[in-house]
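Quick notes on the structure that follows.
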Amino acid sequence: MMTPGLAGFIASGEDSQTSDVVAGVLEALGQGFELIPERAAPRGARRRTWFDTFDWRLYKAGLTLEYAAAHRGGELRLTSAAPAGDTVQPVTGWQAARPHQLGDLPDGPIATSIAGVVAPRALLPEVTVAGTTAAYRLLNEDGKTVARLLVEYPAVAAGDGLPLPPRLTITGVRGYLTQARRAARIVAGVPGVQPVTQPLLADALHAIGRYPGDYSNKVAAKITARMPAAEAAATILLRLLDTVEANVPGVLRDIDSEFLHDLRVSVRRSRSALKLFGDALTAPLAAKGTALTGAELARFAAEFKWVGDLTTPTRDLDVHLLDFEDTARTLRAAKPDDLEPFREYLKQRRVREFRVLARGLRSPRFVTLTRDWRERLTAIRDSANAGTGTTVRSGQSRRGAGETTGTLAADRTRLAFAKVAKRGAAITPASPHDSLHDLRKRCKELRYALEFFAPLYPPDTYGAVLSDLKRLQDCLGEFQDTEVQIGEIRALATSMLAANEAPAVTLLAMGEVTAWLAARQQSAREDFERRFAAFAGADGQRRMAALLRGGSA
Amino acid sequence: MKIYATYNIKGGVGKTTTAVNLAYLAATESKLRTVLWDLDPQGAASFMFRVKPRVKGGGKALIRGTRTLDDAIKGTDFDNLDLIPADFTYRNMDLLLDSAGGKPGRKLAKLLAPLSAEYDAVFLDCPPGISLVSENVLHAADVIVVPLIPTTLSLRTLDQLTDFVAEFDGRRPDVLAFFSMVDRRKKLHREITENLSSERARVAATAIPYLSLVENMSVQRAPVTVFAPRSAAARAYRALWSEIQDGTE
């Protein structure tokens, strides 16, 4: 039996030279072995398309999902970095050119392995590679096959096809590994041959100007502590704008709910950033005239609020729909089916709300906003960067033109933390709900401040601070979201009743859901004190101070 | 994992060509993960697969377990089909089996057991004669495939074999004979094949004719189905393989 690929190589060089390299390999192997073309393997074209979520969830989990069309249906291949190997499964009705929901996957090992990783995202085609292959046998003096050579000529299926470097693989035959190793050495010695360093998928993405993991909703702006504050502020906001714009097509095509979610998060982060350090953009920058006026800053902030509001109704309905199965499972008295009319109603509402959202994102108002915003931020970033040599001295803490990113980050984050610590400490079991809702907002601002400037902090301390803050936020989020959902379900019940679309059992089931939400809210409330103390107690305060000094606790 | 052995007390009846062709069909057409062990020190099966008849450490290392069978396995040129080569030291296998300790008649069965994780079918190509080796093979096999030249004497040896196996304690292999090297021009061959395959339950309906193509395997060094896939010989081996599978499920 054949052993898996023993050694992989690529024929490097300009496209015109690679065929010479392959010819050189065949010639060199021909001197060490008798080399004959494989009878059974036709030089066939094989089209392969890789799928992943928009945010590369499979890639991040060390998985690749590949679809190959065949004359009847096709097959999906899930490859794992783990030694478990590949899972292959036939599939019908799969199309290489369009996104697929998890539900399109047939039941089987692939769906089982990836559902938890992918949900609720859709699988999108990343890149398609077609190509031809040629196989050869390497024979010893008895005419026995002792190794095989596979030559693949892949090309990205885009336009006329972008040829990728040919790939050469030496495969061993059991019991003849020495010979296969000798063949691999011969191949490696041919000029222009290099060992394979990355999978074909990476080569193909590179050819179309992409790379695995090229989208992430993380801020990860390229900033340094010594950068002028205005430059860092503009860099962070440009990065957020990139994320907003990257998600618009997915939202408009309604591929999955997470495009809208990521868009909203970036809009919210942008608004928070304006609040937190918008003044850095208004500081006069040495005779460049690129700074924003206070009025302009307020106008942009108002426009982003408009975008946020535009997206809220659809997102709220998405949340109900995403949670629907889990919610239905909690029912004790009612049957899950009782809630179906509610689901239908949510879907209809979403269709209407989505139309409004799509109109807004296609409107001149939105297009102008993103275009102007990019223009202004780019100008500020570039002029601040150009002024670096003359206006910035290391360690300056003065506000304005000469302030560094390091001092801006420390000042603003300290302030945001102080607000959280003060307001949180004032909350008692008797405090009104609004005090917790307000604290949640302050926590969000602090979270964003930390994330914006994350590259400036030592990762360990940063990670510890962030994870305690996340737990506190989860608790506050649960407290408020359950309240909001209760309110929404009550309002939806009223409108369903008014529209004559509310069977009694459905209303009863919805009532049961609100009771369950109320219980969750109560438990979040009871959890608050512990979460807050862990984050902002005496130890938490010391840790935060150390973080902002750039050290560790 | 099912173990098939081609066996006959007589030599030159087509044991090796049968083992080689059936193993090839099991691997490539039935898609069974298959290994053929060439137990005959002459190494004819190894020769046909172009594998050198040599095992590191010889038969001694395998029988004593200082080297596992796994170590000795060679991939053939065909998908799903591996080979454990012959070695000239196999001529002393009787002595090796006798001195290896444990039950000398069950040693091969024990050696083969670990292969079940990796293979669906094992073919044992046995040397002729009655010996401790053949006793081991008969105990290890699930199916004994017996090539018979259509003569009265060879029928007697089949009866002897059937009686011998019937006396086994516990598990007994299926014995399935077929007529090999049948020359339709000979009256005796015609009479015996026509009468006996219908009279005896354990004689296959398929007979392998005497064809120069089968002899040509040692020139081509490949199973007949590889170099003459549509020949009468290839058809006959396919029919035999199918009958063996049907008759021994």
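So you can find residues: chains in the structure tokens are A, B, ... in the order shown, residues in each start at 1, and ligands are numbered from 1 in order.
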Would you kindly return, as a PDB file with C-alpha atoms, in the first residue's frame, each protein, DNA or RNA residue with an atom no farther than 7 Å from any atom of stretch 211-221 of chain B, considering only C-alpha atoms and excluding same-chain residues fewer than 6 positions away?
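Here's the written file around-v7.pdb:
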ATOM      1  CA  PHE B  47       8.945 -13.109  -8.130  1.00  0.00           C
ATOM      2  CA  MET B  48       5.622 -12.425  -9.848  1.00  0.00           C
ATOM      3  CA  PHE B  49       5.214  -9.221  -7.854  1.00  0.00           C
ATOM      4  CA  ARG B  50       8.842  -8.304  -8.581  1.00  0.00           C
ATOM      5  CA  ALA B 233      -7.850 -16.826 -18.007  1.00  0.00           C
TER       6      ALA B 233
END
Problem - Selection: 12 Å around A:Thr312, only C-alpha atoms, excl. self and same-chain fewer than 6 positions, as an NGL selection string - result: :A and (260-261 or 263-265 or 267-268 or 305-306 or 318-319 or 350 or 353-354 or 356-357)
Those same residues - N, CA and C atoms - I'd like them written as a CSV table (one decimal), in the first residue's frame.
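Saved file selection_18.csv follows:
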chain,number,residue,atom,x,y,z
A,260,LEU,N,-23.8,41.7,10.3
A,260,LEU,CA,-24.4,42.8,10.9
A,260,LEU,C,-23.9,43.1,12.3
A,261,HIS,N,-23.7,41.9,13.0
A,261,HIS,CA,-23.1,42.0,14.4
A,261,HIS,C,-21.8,42.7,14.4
A,263,LEU,N,-20.5,44.6,12.1
A,263,LEU,CA,-20.6,46.0,11.6
A,263,LEU,C,-21.1,46.9,12.8
A,264,ARG,N,-22.1,46.4,13.5
A,264,ARG,CA,-22.5,47.2,14.7
A,264,ARG,C,-21.5,47.4,15.7
A,265,VAL,N,-20.7,46.3,16.0
A,265,VAL,CA,-19.7,46.4,17.0
A,265,VAL,C,-18.7,47.5,16.6
A,267,VAL,N,-19.2,50.0,14.6
A,267,VAL,CA,-19.8,51.4,14.7
A,267,VAL,C,-19.8,51.8,16.2
A,268,ARG,N,-20.1,50.9,17.1
A,268,ARG,CA,-20.2,51.3,18.5
A,268,ARG,C,-18.8,51.6,19.0
A,305,LYS,N,-24.1,57.5,15.1
A,305,LYS,CA,-25.3,57.1,16.0
A,305,LYS,C,-26.4,56.7,15.1
A,306,TRP,N,-26.6,57.5,14.0
A,306,TRP,CA,-27.7,57.1,13.0
A,306,TRP,C,-27.5,55.7,12.5
A,318,ASP,N,-32.7,39.4,15.1
A,318,ASP,CA,-31.7,38.3,14.9
A,318,ASP,C,-31.4,37.6,16.2
A,319,VAL,N,-31.2,38.4,17.3
A,319,VAL,CA,-30.9,37.8,18.6
A,319,VAL,C,-32.0,36.8,19.0
A,350,ARG,N,-38.6,40.7,10.7
A,350,ARG,CA,-37.2,40.9,10.2
A,350,ARG,C,-37.1,41.2,8.8
A,353,GLU,N,-37.9,44.9,8.6
A,353,GLU,CA,-36.8,45.7,9.2
A,353,GLU,C,-35.5,45.6,8.3
A,354,PHE,N,-35.3,44.5,7.8
A,354,PHE,CA,-34.1,44.3,7.0
A,354,PHE,C,-34.2,45.2,5.7
A,356,VAL,N,-35.5,48.1,5.5
A,356,VAL,CA,-35.2,49.5,6.0
A,356,VAL,C,-33.7,49.6,6.1
A,357,LEU,N,-33.1,48.6,6.8
A,357,LEU,CA,-31.6,48.6,7.0
A,357,LEU,C,-30.9,48.6,5.7
Sorted by chain and rising residue number, which residues of chain A lie within 6 Å of chain B, and what are their closest atom pairs and distances in Å to one decimal, counting only C-alpha atoms, as JSON lines?
{"residue": "A:Met1", "atom": "CA", "partner": "B:Gly75", "partner_atom": "CA", "distance": 4.9}
{"residue": "A:Asp142", "atom": "CA", "partner": "B:Arg50", "partner_atom": "CA", "distance": 5.9}
{"residue": "A:Lys144", "atom": "CA", "partner": "B:Arg50", "partner_atom": "CA", "distance": 5.4}
{"residue": "A:Thr145", "atom": "CA", "partner": "B:Asp77", "partner_atom": "CA", "distance": 5.6}
{"residue": "A:Val173", "atom": "CA", "partner": "B:Gly75", "partner_atom": "CA", "distance": 5.5}
{"residue": "A:Arg174", "atom": "CA", "partner": "B:Gly75", "partner_atom": "CA", "distance": 4.6}
{"residue": "A:Gly175", "atom": "CA", "partner": "B:Lys74", "partner_atom": "CA", "distance": 4.4}
Write to file, as a PDB file, in the first residue's frame, the residues of the selection just made, with N, CA and C atoms.
ATOM      1  N   MET A   1       0.840  -1.191   0.000  1.00  0.00           N
ATOM      2  CA  MET A   1       0.000   0.000   0.000  1.00  0.00           C
ATOM      3  C   MET A   1       0.875   1.240   0.000  1.00  0.00           C
ATOM      4  N   ASP A 142      14.324  -4.477 -10.862  1.00  0.00           N
ATOM      5  CA  ASP A 142      13.403  -5.588 -11.125  1.00  0.00           C
ATOM      6  C   ASP A 142      12.133  -5.117 -11.823  1.00  0.00           C
ATOM      7  N   LYS A 144      10.125  -3.135 -10.368  1.00  0.00           N
ATOM      8  CA  LYS A 144       9.173  -2.986  -9.264  1.00  0.00           C
ATOM      9  C   LYS A 144       9.006  -1.506  -8.941  1.00  0.00           C
ATOM     10  N   THR A 145       7.755  -1.072  -8.740  1.00  0.00           N
ATOM     11  CA  THR A 145       7.502   0.306  -8.325  1.00  0.00           C
ATOM     12  C   THR A 145       8.007   0.492  -6.904  1.00  0.00           C
ATOM     13  N   VAL A 173       6.489   3.592  -1.241  1.00  0.00           N
ATOM     14  CA  VAL A 173       5.772   2.320  -1.239  1.00  0.00           C
ATOM     15  C   VAL A 173       6.264   1.567  -0.017  1.00  0.00           C
ATOM     16  N   ARG A 174       5.349   0.924   0.679  1.00  0.00           N
ATOM     17  CA  ARG A 174       5.707   0.234   1.916  1.00  0.00           C
ATOM     18  C   ARG A 174       6.859  -0.748   1.684  1.00  0.00           C
ATOM     19  N   GLY A 175       7.824  -0.654   2.564  1.00  0.00           N
ATOM     20  CA  GLY A 175       8.959  -1.564   2.448  1.00  0.00           C
ATOM     21  C   GLY A 175      10.064  -1.032   1.546  1.00  0.00           C
TER      22      GLY A 175
END
Exercise for the section: Could you please write out, as a PyMOL selection string, every residue of stretch 156-225 of chain A that DSSP assigns to strand (DSSP E or B)? Expected result: chain A and resi 156+162-163+167-173+193-195
Those residues with C-alpha atoms, as a PDB file, in the first residue's frame please?
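To be explicit, this is the file written out as again-v4.pdb:
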ATOM      1  CA  VAL A 156      -6.663  29.649  -9.398  1.00  0.00           C
ATOM      2  CA  LEU A 162      -3.808  32.311 -12.402  1.00  0.00           C
ATOM      3  CA  PRO A 163      -1.200  29.577 -12.612  1.00  0.00           C
ATOM      4  CA  ARG A 167       3.705  20.890  -6.956  1.00  0.00           C
ATOM      5  CA  LEU A 168       5.739  17.723  -6.923  1.00  0.00           C
ATOM      6  CA  THR A 169       5.091  14.987  -4.396  1.00  0.00           C
ATOM      7  CA  ILE A 170       7.148  11.860  -3.847  1.00  0.00           C
ATOM      8  CA  THR A 171       5.154   9.013  -2.378  1.00  0.00           C
ATOM      9  CA  GLY A 172       6.770   5.955  -0.919  1.00  0.00           C
ATOM     10  CA  VAL A 173       5.772   2.320  -1.239  1.00  0.00           C
ATOM     11  CA  VAL A 193      12.946  23.044  -6.716  1.00  0.00           C
ATOM     12  CA  GLN A 194      12.001  24.139  -3.211  1.00  0.00           C
ATOM     13  CA  PRO A 195      10.368  22.253  -0.358  1.00  0.00           C
TER      14      PRO A 195
END
Exercise for the section: Report the residues of stretch 80-221 of chain B whose backbone DSSP state falls under helix (DSSP H, G or I), written as a PyMOL selection string. Expected result: chain B and resi 88-99+104-117+132-140+152-166+187-199+212-215+217-220
Problem - Shell of 8 Å around stretch 58-61 of chain A, only C-alpha atoms, local chain residues under 5 positions omitted, as a list in words - result: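 The filter keeps Asp52, Thr53, Ile114, Val117, Val118, Pro212 and Gly213 of chain A.
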Practice task
Write out as a list in words each polymer residue whose atoms come within 7 Å of A:Thr404, counting only C-alpha atoms; drop sequence neighbours fewer than 4 positions from it.
Solution key: Ala225, Arg226, Met227, Pro228, Ala229, Gln396 and Leu408 of chain A
Exercise for the section: List the neighbours of A:Val21 out to 12 Å using only C-alpha atoms; skip same-chain residues closer than 6 positions along the sequence, and give me the result as a ChimeraX atom specification. Expected result: /A:9-15,27-28,151,165-168,187-194
Go ahead and save the picked residues with C-alpha atoms, as an mmCIF file, in the first residue's frame.
data_model
loop_
_atom_site.group_PDB
_atom_site.id
_atom_site.type_symbol
_atom_site.label_atom_id
_atom_site.label_comp_id
_atom_site.auth_asym_id
_atom_site.auth_seq_id
_atom_site.Cartn_x
_atom_site.Cartn_y
_atom_site.Cartn_z
ATOM 1 C CA PHE A 9 8.160 20.363 -3.423
ATOM 2 C CA ILE A 10 7.242 23.255 -5.612
ATOM 3 C CA ALA A 11 8.826 24.211 -8.891
ATOM 4 C CA SER A 12 9.595 27.868 -8.284
ATOM 5 C CA GLY A 13 10.431 30.686 -10.652
ATOM 6 C CA GLU A 14 8.559 32.585 -13.331
ATOM 7 C CA ASP A 15 5.662 30.729 -14.928
ATOM 8 C CA GLU A 27 15.312 13.925 -16.164
ATOM 9 C CA ALA A 28 17.119 13.676 -12.822
ATOM 10 C CA VAL A 151 3.061 16.461 -10.525
ATOM 11 C CA PRO A 165 3.753 26.942 -8.926
ATOM 12 C CA PRO A 166 3.611 23.248 -9.929
ATOM 13 C CA ARG A 167 3.705 20.890 -6.956
ATOM 14 C CA LEU A 168 5.739 17.723 -6.923
ATOM 15 C CA VAL A 187 14.180 16.009 -6.595
ATOM 16 C CA ALA A 188 15.439 18.398 -3.906
ATOM 17 C CA GLY A 189 18.746 18.742 -5.740
ATOM 18 C CA VAL A 190 17.215 19.944 -9.011
ATOM 19 C CA PRO A 191 17.733 23.709 -9.510
ATOM 20 C CA GLY A 192 14.503 25.658 -9.005
ATOM 21 C CA VAL A 193 12.946 23.044 -6.716
ATOM 22 C CA GLN A 194 12.001 24.139 -3.211
#
Counting only C-alpha atoms, which residues in stretch 161-238 of chain A sit no more than 10 Å from stretch 127-130 of chain A? For each one, give the nearest pair of atoms and the distance in Å, sorted by chain then residue number, as a Markdown table.
| residue | atom | partner | partner_atom | distance |
| --- | --- | --- | --- | --- |
| A:Gly161 | CA | A:Ala130 | CA | 8.5 |
| A:Leu162 | CA | A:Val129 | CA | 9.1 |
| A:Pro163 | CA | A:Val129 | CA | 9.3 |
| A:Leu164 | CA | A:Val129 | CA | 9.1 |
| A:Leu200 | CA | A:Val129 | CA | 8.8 |
| A:Leu201 | CA | A:Val127 | CA | 7.8 |
| A:Ala202 | CA | A:Val127 | CA | 9.8 |
| A:Ala204 | CA | A:Val127 | CA | 6.9 |
| A:Leu205 | CA | A:Val127 | CA | 6.7 |
| A:Ala207 | CA | A:Val127 | CA | 9.9 |
| A:Ile208 | CA | A:Val127 | CA | 8.5 |
| A:Arg210 | CA | A:Val127 | CA | 9.7 |
Exercise for the section: Report the distance between atom CA of A:Arg77 and atom CA of A:Leu65 in Å, rounded to one decimal place. Expected result: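 One can read the atom CA of A:Arg77 to atom CA of A:Leu65 distance as 5.7 Å.
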